[in-house]
>>> print(open('data-v8.txt').read())   # compact mmCIF, C-alpha atoms
# COMPACT_ATOMS: atom_id res chain seq x y z
CA MET A 1073 25.20 -129.05 -36.74
CA ALA A 1074 27.20 -132.15 -37.40
CA HIS A 1075 25.99 -135.53 -36.22
CA THR A 1076 27.71 -136.67 -33.05
CA LEU A 1077 28.44 -139.97 -31.38
CA PRO A 1078 26.24 -140.29 -28.28
CA ALA A 1079 27.93 -141.52 -25.12
CA LEU A 1080 27.10 -145.05 -24.02
CA PRO A 1081 24.37 -144.93 -21.34
CA TYR A 1082 26.57 -147.15 -19.09
CA GLU A 1083 30.22 -147.98 -18.52
CA LEU A 1084 32.07 -150.07 -21.11
CA ASP A 1085 32.23 -153.02 -18.71
CA ALA A 1086 28.67 -152.64 -17.43
CA LEU A 1087 27.26 -155.47 -19.52
CA GLU A 1088 29.91 -158.04 -18.61
CA PRO A 1089 30.04 -160.98 -18.67
CA HIS A 1090 27.30 -161.03 -21.30
CA ILE A 1091 28.88 -158.45 -23.57
CA SER A 1092 32.55 -157.78 -22.94
CA ARG A 1093 34.25 -154.43 -22.50
CA GLN A 1094 36.34 -155.24 -25.57
CA THR A 1095 33.23 -155.75 -27.70
CA LEU A 1096 31.73 -152.44 -26.57
CA GLU A 1097 35.03 -150.62 -27.08
CA PHE A 1098 35.08 -151.68 -30.73
CA HIS A 1099 31.35 -151.57 -31.28
CA HIS A 1100 30.80 -148.10 -29.86
CA GLY A 1101 34.22 -146.53 -30.19
CA LYS A 1102 35.04 -147.83 -33.66
CA HIS A 1103 31.97 -149.10 -35.57
CA HIS A 1104 29.38 -146.62 -34.31
CA ASN A 1105 31.91 -143.80 -34.41
CA ALA A 1106 32.87 -144.63 -38.00
CA TYR A 1107 29.23 -144.44 -39.11
CA VAL A 1108 29.00 -140.94 -37.56
CA THR A 1109 32.22 -139.81 -39.25
CA ASN A 1110 31.23 -141.29 -42.61
CA LEU A 1111 27.78 -139.69 -42.43
CA ASN A 1112 29.19 -136.25 -41.68
CA ASN A 1113 31.64 -136.57 -44.54
CA LEU A 1114 28.93 -137.70 -46.95
CA VAL A 1115 26.44 -134.92 -46.17
CA ALA A 1116 28.98 -132.08 -45.86
CA GLY A 1117 28.18 -129.41 -48.42
CA THR A 1118 24.97 -131.12 -49.59
CA GLU A 1119 21.33 -130.22 -48.99
CA LEU A 1120 21.32 -132.91 -46.29
CA GLU A 1121 23.80 -131.05 -44.11
CA GLY A 1122 22.09 -129.78 -40.97
CA LYS A 1123 19.09 -132.08 -41.30
CA SER A 1124 18.12 -134.21 -38.33
CA LEU A 1125 19.14 -137.87 -38.39
CA GLU A 1126 15.53 -139.01 -38.87
CA ASP A 1127 14.90 -136.54 -41.69
CA THR A 1128 18.11 -137.61 -43.35
CA ILE A 1129 17.10 -141.26 -43.20
CA THR A 1130 13.59 -140.79 -44.52
CA SER A 1131 14.67 -138.44 -47.30
CA VAL A 1132 17.22 -140.89 -48.78
CA ALA A 1133 15.49 -144.22 -48.01
CA GLY A 1134 14.90 -146.17 -51.22
CA ASP A 1135 17.18 -143.91 -53.27
CA ALA A 1136 19.85 -146.25 -54.69
CA GLY A 1137 22.06 -143.29 -55.49
CA LYS A 1138 22.11 -142.33 -51.80
CA ALA A 1139 22.74 -145.79 -50.40
CA GLY A 1140 25.93 -144.65 -48.70
CA VAL A 1141 24.14 -141.87 -46.83
CA PHE A 1142 21.28 -144.18 -45.92
CA ASN A 1143 23.55 -146.95 -44.66
CA ASN A 1144 25.61 -144.68 -42.45
CA ALA A 1145 22.71 -142.58 -41.17
CA ALA A 1146 20.60 -145.64 -40.42
CA GLN A 1147 23.51 -147.35 -38.67
CA VAL A 1148 24.05 -144.25 -36.52
CA TRP A 1149 20.38 -144.37 -35.54
CA ASN A 1150 20.30 -148.16 -35.04
CA HIS A 1151 23.29 -148.21 -32.72
CA SER A 1152 22.17 -145.21 -30.64
CA PHE A 1153 18.85 -147.02 -30.18
CA TYR A 1154 20.48 -150.41 -29.51
CA TRP A 1155 22.61 -149.11 -26.61
CA GLN A 1156 19.46 -147.89 -24.87
CA CYS A 1157 17.72 -151.22 -25.38
CA MET A 1158 20.18 -152.82 -22.95
CA LYS A 1159 21.14 -152.21 -19.34
CA PRO A 1160 23.11 -153.98 -16.64
CA GLY A 1161 20.77 -156.34 -14.82
CA GLY A 1162 18.26 -156.23 -17.65
CA GLY A 1163 16.18 -159.03 -19.09
CA GLY A 1164 13.26 -160.64 -17.33
CA GLN A 1165 9.78 -159.66 -18.38
CA PRO A 1166 8.03 -156.34 -18.95
CA GLY A 1167 5.07 -155.26 -16.85
CA GLY A 1168 2.13 -152.89 -17.14
CA ALA A 1169 0.72 -151.70 -20.44
CA LEU A 1170 3.60 -153.19 -22.44
CA ALA A 1171 3.04 -156.65 -20.98
CA GLU A 1172 -0.68 -156.40 -21.72
CA LYS A 1173 -0.03 -155.28 -25.27
CA ILE A 1174 2.45 -158.13 -25.85
CA ASN A 1175 -0.06 -160.64 -24.52
CA ALA A 1176 -2.81 -159.18 -26.67
CA ASP A 1177 -0.80 -159.11 -29.91
CA PHE A 1178 1.41 -162.22 -29.56
CA GLY A 1179 -0.77 -164.39 -27.31
CA SER A 1180 1.88 -164.56 -24.59
CA PHE A 1181 5.31 -163.25 -23.64
CA GLU A 1182 6.76 -166.67 -24.50
CA ALA A 1183 5.28 -166.45 -28.00
CA PHE A 1184 6.92 -163.04 -28.45
CA VAL A 1185 10.25 -164.44 -27.26
CA GLU A 1186 10.05 -167.28 -29.77
CA GLN A 1187 9.30 -164.91 -32.64
CA PHE A 1188 12.06 -162.52 -31.64
CA LYS A 1189 14.61 -165.33 -31.31
CA THR A 1190 13.64 -166.71 -34.69
CA ALA A 1191 13.92 -163.28 -36.31
CA GLY A 1192 17.40 -162.80 -34.89
CA ALA A 1193 18.59 -166.27 -35.79
CA THR A 1194 17.23 -166.23 -39.34
CA GLN A 1195 18.38 -162.76 -40.35
CA PHE A 1196 20.94 -164.12 -42.81
CA GLY A 1197 24.15 -162.13 -42.87
CA SER A 1198 24.23 -158.78 -41.13
CA GLY A 1199 21.17 -157.05 -39.73
CA TRP A 1200 18.77 -156.41 -36.89
CA ALA A 1201 15.77 -157.96 -35.11
CA TRP A 1202 13.01 -155.63 -33.96
CA LEU A 1203 9.89 -155.25 -31.90
CA VAL A 1204 7.88 -152.57 -33.69
CA LEU A 1205 4.54 -150.88 -33.54
CA ASP A 1206 2.97 -151.21 -36.99
CA GLY A 1207 -0.19 -149.14 -36.94
CA ASP A 1208 -1.75 -150.27 -33.68
CA THR A 1209 -0.19 -153.70 -33.63
CA LEU A 1210 3.04 -155.00 -32.15
CA LYS A 1211 5.11 -157.02 -34.59
CA VAL A 1212 8.47 -158.75 -34.65
CA THR A 1213 10.49 -157.97 -37.76
CA LYS A 1214 14.03 -158.35 -39.07
CA THR A 1215 16.00 -156.09 -41.41
CA GLY A 1216 19.17 -156.61 -43.42
CA ASN A 1217 22.34 -154.55 -42.97
CA ALA A 1218 21.32 -150.97 -42.04
CA ASP A 1219 17.61 -151.15 -42.84
CA LEU A 1220 15.25 -150.06 -40.05
CA PRO A 1221 11.55 -149.67 -39.16
CA LEU A 1222 11.60 -145.91 -39.83
CA ALA A 1223 12.04 -146.69 -43.53
CA HIS A 1224 8.91 -148.87 -43.42
CA GLY A 1225 6.54 -146.55 -41.60
CA GLN A 1226 6.90 -148.47 -38.34
CA LYS A 1227 7.83 -147.30 -34.85
CA ALA A 1228 10.80 -149.11 -33.32
CA LEU A 1229 10.35 -150.22 -29.71
CA LEU A 1230 13.25 -152.68 -29.26
CA THR A 1231 16.19 -153.82 -31.36
CA MET A 1232 18.94 -156.41 -31.23
CA ASP A 1233 22.05 -156.10 -33.39
CA VAL A 1234 22.88 -159.36 -35.17
CA TRP A 1235 25.81 -158.10 -37.21
CA GLU A 1236 28.62 -160.47 -36.31
CA HIS A 1237 30.62 -157.59 -34.83
CA ALA A 1238 27.99 -157.31 -32.08
CA TYR A 1239 28.81 -160.72 -30.66
CA TYR A 1240 31.75 -162.37 -32.41
CA LEU A 1241 34.46 -161.66 -29.82
CA ASP A 1242 32.23 -163.10 -27.09
CA TYR A 1243 30.15 -165.77 -28.85
CA GLN A 1244 31.83 -166.43 -32.24
CA ASN A 1245 29.48 -168.56 -34.36
CA ARG A 1246 27.04 -169.10 -31.49
CA ARG A 1247 24.56 -166.38 -32.41
CA PRO A 1248 21.66 -168.23 -30.68
CA ASP A 1249 23.51 -168.01 -27.35
CA TYR A 1250 23.94 -164.26 -27.79
CA ILE A 1251 20.25 -163.91 -28.59
CA THR A 1252 19.16 -165.87 -25.53
CA THR A 1253 21.50 -163.85 -23.31
CA PHE A 1254 20.26 -160.60 -24.80
CA LEU A 1255 16.67 -161.49 -23.90
CA GLU A 1256 17.34 -163.02 -20.50
CA LYS A 1257 20.03 -160.69 -19.15
CA LEU A 1258 20.21 -157.44 -21.08
CA VAL A 1259 16.90 -156.07 -22.40
CA ASN A 1260 15.95 -152.75 -20.85
CA TRP A 1261 12.17 -153.20 -20.71
CA ASP A 1262 11.69 -149.76 -19.13
CA PHE A 1263 13.08 -148.21 -22.30
CA VAL A 1264 10.80 -150.36 -24.47
CA ALA A 1265 7.77 -149.43 -22.33
CA ALA A 1266 8.64 -145.75 -22.62
CA ASN A 1267 8.86 -146.09 -26.41
CA LEU A 1268 5.41 -147.66 -26.48
CA ALA A 1269 3.98 -145.00 -24.18
CA ALA A 1270 5.38 -142.25 -26.40
CA ALA A 1271 4.05 -143.79 -29.61
CA MET B 965 0.52 -227.36 -49.05
CA SER B 966 0.06 -226.36 -52.68
CA PHE B 967 -2.05 -223.35 -51.61
CA LEU B 968 1.13 -221.94 -50.12
CA ILE B 969 2.94 -221.78 -53.44
CA PRO B 970 0.97 -218.87 -54.96
CA ALA B 971 1.23 -217.05 -51.64
CA LEU B 972 4.98 -217.66 -51.57
CA ARG B 973 5.28 -216.52 -55.16
CA ARG B 974 3.40 -213.33 -54.37
CA LEU B 975 5.66 -212.73 -51.40
CA LEU B 976 8.73 -213.23 -53.55
CA MET B 977 7.38 -210.87 -56.20
CA LEU B 978 6.65 -208.31 -53.54
CA GLY B 979 10.21 -208.66 -52.36
CA TRP B 980 11.59 -208.06 -55.82
CA LEU B 981 9.29 -205.08 -56.25
CA VAL B 982 10.57 -203.53 -53.04
CA LEU B 983 14.15 -204.12 -54.15
CA LEU B 984 13.44 -202.55 -57.54
CA LEU B 985 11.81 -199.51 -55.94
CA VAL B 986 14.72 -199.03 -53.60
CA ALA B 987 17.20 -199.34 -56.47
CA ALA B 988 15.23 -196.90 -58.63
CA ALA B 989 14.79 -194.28 -55.91
CA PRO B 990 17.06 -191.24 -56.26
CA ALA B 991 20.36 -191.82 -54.54
CA GLN B 992 20.43 -190.15 -51.16
CA ALA B 993 23.53 -188.20 -52.03
CA ALA B 994 24.96 -185.82 -49.48
CA PHE B 995 27.39 -182.98 -49.86
CA GLU B 996 30.47 -183.25 -47.71
CA LEU B 997 32.66 -180.77 -45.90
CA PRO B 998 36.03 -180.74 -47.66
CA PRO B 999 38.99 -180.89 -45.30
CA LEU B 1000 41.19 -177.83 -45.10
CA PRO B 1001 44.14 -178.29 -47.47
CA TYR B 1002 46.54 -177.16 -44.70
CA PRO B 1003 46.66 -177.07 -40.87
CA PHE B 1004 44.64 -174.45 -38.99
CA ASP B 1005 47.77 -172.44 -38.20
CA ALA B 1006 49.24 -172.55 -41.70
CA LEU B 1007 48.05 -169.07 -42.62
CA GLU B 1008 49.29 -167.32 -39.48
CA PRO B 1009 49.87 -164.53 -38.77
CA VAL B 1010 47.57 -163.23 -41.50
CA ILE B 1011 44.68 -165.50 -40.44
CA ASP B 1012 44.95 -166.97 -36.94
CA ALA B 1013 44.41 -170.67 -36.18
CA ARG B 1014 41.33 -170.07 -34.01
CA THR B 1015 39.61 -168.14 -36.79
CA MET B 1016 40.39 -170.94 -39.26
CA GLU B 1017 39.10 -173.61 -36.91
CA ILE B 1018 35.80 -171.86 -36.18
CA HIS B 1019 35.40 -170.74 -39.78
CA HIS B 1020 35.89 -174.21 -41.23
CA ASP B 1021 34.57 -176.50 -38.49
CA ARG B 1022 31.58 -174.37 -37.47
CA HIS B 1023 30.54 -171.93 -40.18
CA HIS B 1024 31.43 -174.00 -43.25
CA ALA B 1025 30.28 -177.24 -41.62
CA GLY B 1026 27.01 -175.52 -40.72
CA TYR B 1027 26.32 -174.57 -44.32
CA VAL B 1028 26.93 -178.14 -45.50
CA ALA B 1029 24.70 -179.64 -42.82
CA GLN B 1030 21.89 -177.17 -43.43
CA LEU B 1031 22.13 -177.60 -47.20
CA ASN B 1032 21.82 -181.37 -46.83
CA ALA B 1033 18.89 -180.92 -44.45
CA ALA B 1034 17.12 -178.59 -46.86
CA LEU B 1035 17.77 -180.93 -49.80
CA SER B 1036 16.45 -183.96 -47.92
CA GLU B 1037 12.98 -182.44 -48.28
CA ARG B 1038 13.31 -181.81 -52.01
CA ASP B 1039 13.44 -185.04 -54.00
CA ASP B 1040 13.03 -183.02 -57.18
CA LEU B 1041 16.50 -181.55 -56.67
CA ALA B 1042 18.23 -184.81 -55.82
CA GLY B 1043 21.10 -185.62 -58.12
CA LEU B 1044 21.82 -182.03 -59.09
CA SER B 1045 25.41 -180.93 -58.73
CA LEU B 1046 26.20 -178.00 -56.49
CA GLU B 1047 26.87 -175.86 -59.55
CA GLN B 1048 23.51 -176.83 -61.03
CA LEU B 1049 21.81 -175.79 -57.81
CA LEU B 1050 23.59 -172.43 -57.82
CA ALA B 1051 22.68 -171.82 -61.45
CA ARG B 1052 19.00 -172.00 -60.48
CA ALA B 1053 19.34 -169.99 -57.26
CA ARG B 1054 16.52 -167.64 -58.19
CA ARG B 1055 14.02 -170.48 -57.88
CA LEU B 1056 15.44 -171.96 -54.69
CA PRO B 1057 14.08 -171.23 -51.23
CA ASP B 1058 16.28 -168.83 -49.25
CA ALA B 1059 17.63 -171.56 -46.96
CA MET B 1060 18.89 -173.57 -49.91
CA ARG B 1061 20.28 -170.61 -51.83
CA ASN B 1062 22.11 -169.31 -48.75
CA ASN B 1063 23.51 -172.64 -47.64
CA ALA B 1064 24.45 -173.83 -51.12
CA GLY B 1065 26.25 -170.52 -51.60
CA GLY B 1066 27.93 -170.70 -48.22
CA TYR B 1067 29.09 -174.23 -48.97
CA TRP B 1068 30.52 -173.45 -52.42
CA ASN B 1069 32.03 -170.10 -51.47
CA HIS B 1070 33.99 -171.46 -48.52
CA SER B 1071 35.24 -174.50 -50.44
CA GLN B 1072 36.76 -172.25 -53.08
CA PHE B 1073 38.09 -169.90 -50.38
CA TRP B 1074 40.23 -172.53 -48.64
CA SER B 1075 41.82 -173.77 -51.85
CA ALA B 1076 42.38 -170.21 -53.10
CA MET B 1077 44.77 -169.65 -50.19
CA ALA B 1078 48.16 -171.13 -49.30
CA PRO B 1079 50.76 -170.37 -46.66
CA ALA B 1080 52.55 -167.15 -47.52
CA GLY B 1081 55.24 -167.82 -50.11
CA ASP B 1082 53.72 -171.12 -51.29
CA GLY B 1083 51.10 -169.72 -53.65
CA GLY B 1084 53.19 -169.28 -56.77
CA ALA B 1085 52.46 -166.51 -59.26
CA PRO B 1086 49.97 -165.84 -62.04
CA SER B 1087 50.65 -167.88 -65.18
CA GLU B 1088 51.67 -166.06 -68.37
CA GLU B 1089 48.15 -166.52 -69.72
CA LEU B 1090 46.47 -165.21 -66.59
CA GLU B 1091 48.91 -162.34 -66.32
CA ALA B 1092 48.10 -161.29 -69.86
CA ALA B 1093 44.38 -161.39 -69.11
CA ILE B 1094 44.90 -159.38 -65.90
CA ASP B 1095 46.94 -156.77 -67.75
CA ALA B 1096 44.27 -156.54 -70.45
CA ALA B 1097 41.48 -156.04 -67.93
CA PHE B 1098 43.14 -154.02 -65.17
CA GLY B 1099 46.34 -152.62 -66.68
CA SER B 1100 48.55 -154.54 -64.26
CA ALA B 1101 48.57 -156.89 -61.28
CA GLN B 1102 48.54 -153.78 -59.12
CA GLY B 1103 45.45 -152.58 -60.97
CA LEU B 1104 43.66 -155.85 -60.19
CA GLN B 1105 44.68 -155.69 -56.55
CA GLU B 1106 43.37 -152.14 -56.17
CA ARG B 1107 40.06 -152.86 -57.91
CA PHE B 1108 39.51 -156.10 -55.99
CA SER B 1109 40.45 -154.60 -52.61
CA GLN B 1110 38.14 -151.67 -53.23
CA ALA B 1111 35.25 -154.05 -54.00
CA ALA B 1112 35.98 -156.01 -50.82
CA ALA B 1113 36.16 -152.88 -48.67
CA ALA B 1114 33.01 -151.35 -50.15
CA ARG B 1115 30.82 -154.41 -49.64
CA PHE B 1116 28.43 -153.14 -46.96
CA GLY B 1117 27.51 -155.85 -44.46
CA SER B 1118 28.44 -159.46 -45.20
CA GLY B 1119 29.64 -160.77 -48.53
CA TRP B 1120 32.40 -161.60 -50.97
CA ALA B 1121 34.68 -159.96 -53.52
CA TRP B 1122 35.40 -161.90 -56.70
CA LEU B 1123 37.68 -162.09 -59.70
CA ILE B 1124 35.60 -163.73 -62.43
CA LEU B 1125 35.96 -164.87 -66.01
CA ARG B 1126 33.01 -163.42 -67.86
CA PRO B 1127 31.20 -165.33 -70.61
CA ASP B 1128 32.87 -163.03 -73.16
CA GLY B 1129 36.30 -164.28 -72.05
CA THR B 1130 37.40 -161.15 -70.18
CA LEU B 1131 38.19 -160.80 -66.49
CA ALA B 1132 36.20 -158.61 -64.13
CA VAL B 1133 36.02 -157.79 -60.42
CA THR B 1134 32.65 -158.01 -58.75
CA SER B 1135 31.10 -158.35 -55.31
CA THR B 1136 28.13 -160.23 -53.91
CA ALA B 1137 26.12 -159.91 -50.70
CA ASN B 1138 25.91 -162.57 -48.00
CA GLN B 1139 26.54 -166.01 -49.54
CA ASP B 1140 25.52 -165.21 -53.09
CA ASN B 1141 28.10 -165.77 -55.81
CA PRO B 1142 28.66 -165.15 -59.54
CA LEU B 1143 27.37 -168.63 -60.46
CA MET B 1144 23.87 -167.70 -59.27
CA ASN B 1145 21.19 -166.55 -61.68
CA LEU B 1146 20.08 -163.69 -59.47
CA PRO B 1147 19.15 -160.16 -60.45
CA GLY B 1148 21.97 -157.70 -59.86
CA ILE B 1149 24.69 -160.35 -59.98
CA GLU B 1150 27.34 -160.17 -62.67
CA ARG B 1151 27.66 -163.80 -63.68
CA GLY B 1152 30.88 -165.53 -64.55
CA THR B 1153 33.24 -168.24 -63.42
CA PRO B 1154 34.84 -167.31 -60.09
CA LEU B 1155 38.63 -167.53 -60.20
CA LEU B 1156 39.30 -165.99 -56.80
CA GLY B 1157 36.95 -165.06 -53.97
CA LEU B 1158 37.59 -163.22 -50.71
CA ASP B 1159 35.31 -163.63 -47.70
CA VAL B 1160 34.50 -160.29 -46.07
CA TRP B 1161 31.93 -161.56 -43.60
CA GLU B 1162 33.06 -160.28 -40.23
CA HIS B 1163 33.49 -163.87 -39.02
CA ALA B 1164 36.36 -164.21 -41.52
CA TYR B 1165 38.50 -161.65 -39.75
CA TYR B 1166 36.91 -160.26 -36.59
CA LEU B 1167 38.95 -162.17 -33.98
CA SER B 1168 42.20 -160.78 -35.41
CA TYR B 1169 41.23 -157.53 -37.11
CA GLN B 1170 37.93 -156.42 -35.51
CA ASN B 1171 36.74 -153.29 -37.36
CA ARG B 1172 39.92 -153.09 -39.48
CA ARG B 1173 38.63 -154.89 -42.56
CA ALA B 1174 41.01 -152.91 -44.77
CA ASP B 1175 44.02 -154.33 -42.93
CA TYR B 1176 42.69 -157.88 -43.38
CA ILE B 1177 42.23 -157.31 -47.10
CA THR B 1178 45.75 -155.92 -47.53
CA ALA B 1179 47.34 -158.77 -45.57
CA TRP B 1180 45.26 -161.43 -47.36
CA TRP B 1181 46.99 -160.86 -50.72
CA SER B 1182 50.10 -162.62 -49.36
CA LEU B 1183 48.01 -165.81 -49.03
CA VAL B 1184 46.60 -166.02 -52.55
CA ASN B 1185 47.23 -169.44 -54.08
CA TRP B 1186 47.97 -168.34 -57.65
CA ASP B 1187 48.65 -171.93 -58.73
CA GLN B 1188 45.01 -172.67 -57.90
CA VAL B 1189 43.78 -169.51 -59.62
CA ASN B 1190 45.82 -170.44 -62.72
CA GLN B 1191 44.22 -173.87 -62.72
CA ARG B 1192 40.71 -172.43 -62.39
CA TYR B 1193 41.42 -170.05 -65.23
CA ALA B 1194 42.71 -172.81 -67.50
CA GLU B 1195 39.72 -175.04 -66.68
CA ALA B 1196 37.27 -172.22 -67.22
CA LEU B 1197 38.75 -171.56 -70.65
CA SER B 1198 38.68 -175.20 -71.74
CA PRO B 1199 35.43 -176.01 -73.58
CA ALA B 1200 34.83 -179.21 -71.63
CA SER B 1201 34.38 -177.48 -68.32
CA ALA B 1202 33.66 -173.85 -69.18
CA GLY B 1203 31.57 -172.30 -66.46
CA GLN B 1204 31.37 -175.55 -64.53
CA PRO B 1205 34.05 -175.61 -61.88
CA THR B 1206 33.54 -178.73 -59.81
CA LEU B 1207 35.00 -177.93 -56.46
CA SER B 1208 32.70 -180.09 -54.41
CA PRO B 1209 31.29 -183.15 -56.13
CA ARG B 1210 28.54 -185.02 -54.41
CA THR B 1211 29.48 -188.37 -53.02
CA PRO B 1212 27.18 -190.90 -54.65
CA GLY B 1213 25.38 -193.08 -52.18
CA ALA B 1214 26.61 -191.26 -49.11
CA GLU B 1215 24.12 -190.90 -46.31
CA PRO B 1216 22.64 -187.43 -45.90
>>> encode(input="data-v8.txt", output="structure tokens")
Amino acid sequence: MAHTLPALPYELDALEPHISRQTLEFHHGKHHNAYVTNLNNLVAGTELEGKSLEDTITSVAGDAGKAGVFNNAAQVWNHSFYWQCMKPGGGGQPGGALAEKINADFGSFEAFVEQFKTAGATQFGSGWAWLVLDGDTLKVTKTGNADLPLAHGQKALLTMDVWEHAYYLDYQNRRPDYITTFLEKLVNWDFVAANLAAA
Amino acid sequence: MSFLIPALRRLLMLGWLVLLLVAAAPAQAAFELPPLPYPFDALEPVIDARTMEIHHDRHHAGYVAQLNAALSERDDLAGLSLEQLLARARRLPDAMRNNAGGYWNHSQFWSAMAPAGDGGAPSEELEAAIDAAFGSAQGLQERFSQAAAARFGSGWAWLILRPDGTLAVTSTANQDNPLMNLPGIERGTPLLGLDVWEHAYYLSYQNRRADYITAWWSLVNWDQVNQRYAEALSPASAGQPTLSPRTPGAEP
């Protein structure tokens, strides 16, 4: 069973004006799609063919000789997860058990926001900012290029893409504006809460 | 009134002492953003004017400003040239390594390009070295373009002069470069560097990095590459290209 490109969970223009239709057309239709195509080509005829995406990632993580498989598989996973982390009319603050857990582990929602913004702004070059469950504790982390929490024994709850292609058509060099908009207008906290509940 | 004289003398001595201390303190040198050697639209249609403006006035300027800010807290590094900083990158904090690299890399990038048709051609000496290393100019172009396309994430492709006098193509991540003493980096004197951060091409090419790389070859300023090669070979400046000298006494 070849890996497939998942459909976006909303229309291409659903996140406007915060993320443009043009950005999503390229980001989903070209970048994400290319990772899927590359991954299928790389695993075809190997012992990795037919493995689940997660099994593929964990079995090649840390293997320098399989960096191409890891990069493409992880980027397929990261983008599929990223689309779900956003929704039209998102942002605001979480409630319920997630809010309590954030307060308990970060001190306050505002403290979490500061850490998450810093992680996104200081991930030098291409990469991702994350809210993860590490053991029993919520943590903010950042990873370079395709790297992801699954390769570090952590459970991803929320991610934000800070590769330039995620925001350059709309924000150019102003990554901090993209980050602020992501948090205030786009985060799908229901999805994050469901990830925590399922952990 | 005579009691005032020793007091006055002490005051004068104190004044001299302050002056001496100020004069002896390390010069507050600051790195400066070099102006583009051509107008923003000079490289169109290969690189559009808006990309050049943001790339130079925002990204490059940001690296310079952040490098100066980071250096202002490190008196022990005051007075070092940019190349000296890069040569000790392994011992620098990330902010300094990244911003020093971003500063140097972009400075060389602007001068390594010229409006299409203005860049001249490889000198006889450089051509011979290219043929020896890559078989032909076409061989260099293929090897270099492959390195640029294969760089996953953000980074640079380079043509370098290795310490043994031969040419090689290499690639570095993010704002690292071949002058840095970092593990995994093939060191040498950069002769030509291509920016493959997405910000270098995304407004015009989006996901089509390969098209950007192919089009970019028409902009290479071979006169500049020839000059770098000649300077790198001359004993006086081997391995020490000075693209961006500090301005002595300039405010940070």
>>> closest_residue(input="data-v8.txt", among="A:Tyr1107, A:Tyr1154, A:Trp1235, A:Phe1188", to="Leu1203 of chain A", atoms="all atoms listed in the file")
A:Phe1188
>>> interface_residues(input="data-v8.txt", of="chain B", to="chain A", cutoff="7 Å", atoms="only C-alpha atoms", output="list in words")
Arg1022, His1023, Gly1117, Ser1118, Asn1138, Glu1162, His1163, Tyr1166, Leu1167 and Asn1171 of chain B
>>> atom_distance(input="data-v8.txt", atom1="atom CA of Gly1103 of chain B", atom2="atom CA of Thr1134 of chain B")
14.1 Å
>>> residues_near_point(input="data-v8.txt", point="(45.7, -164.8, -48.2)", cutoff="10 Å", atoms="all atoms listed in the file", output="list in words")
Leu1007, Glu1008, Val1010, Ile1011, Phe1073, Trp1074, Ala1076, Met1077, Ala1078, Pro1079, Ala1080, Gly1083, Leu1158, Tyr1176, Ile1177, Thr1178, Ala1179, Trp1180, Trp1181, Ser1182, Leu1183, Val1184 and Asn1185 of chain B
>>> residues_around(input="data-v8.txt", residues="Ala1176 of chain A", least_positions_apart="5", cutoff="10 Å", atoms="all atoms listed in the file", output="PDB file with C-alpha atoms, keeping the file's coordinate frame")
ATOM      1  CA  LEU A1170       3.600-153.190 -22.440  1.00  0.00           C
ATOM      2  CA  ALA A1171       3.040-156.650 -20.980  1.00  0.00           C
ATOM      3  CA  PHE A1181       5.310-163.250 -23.640  1.00  0.00           C
ATOM      4  CA  THR A1209      -0.190-153.700 -33.630  1.00  0.00           C
ATOM      5  CA  LEU A1210       3.040-155.000 -32.150  1.00  0.00           C
TER       6      LEU A1210
END
>>> atom_distance(input="data-v8.txt", atom1="atom CA of Leu1044 of chain B", atom2="atom CA of Leu1155 of chain B")
22.2 Å
>>> atom_distance(input="data-v8.txt", atom1="atom CA of Ala1137 of chain B", atom2="atom CA of Leu1111 of chain A")
21.9 Å
>>> closest_residue(input="data-v8.txt", among="A:Ala1133, A:Val1259, A:Ala1201, A:Ala1238", to="Arg1093 of chain A", atoms="all atoms listed in the file")
A:Ala1238
>>> residues_around(input="data-v8.txt", residues="Asp1206 of chain A", least_positions_apart="3", cutoff="10 Å", atoms="all atoms listed in the file", output="number ranges by chain")
A: 1203, 1209-1212, 1221, 1224-1228
>>> axis_aligned_box(input="data-v8.txt", around="segment 1176-1185 of chain A", padding_each_side="3 Å", output="lines of an AutoDock Vina configuration file")
center_x = 3.7
center_y = -162.9
center_z = -26.8
size_x = 19.1
size_y = 13.6
size_z = 12.3
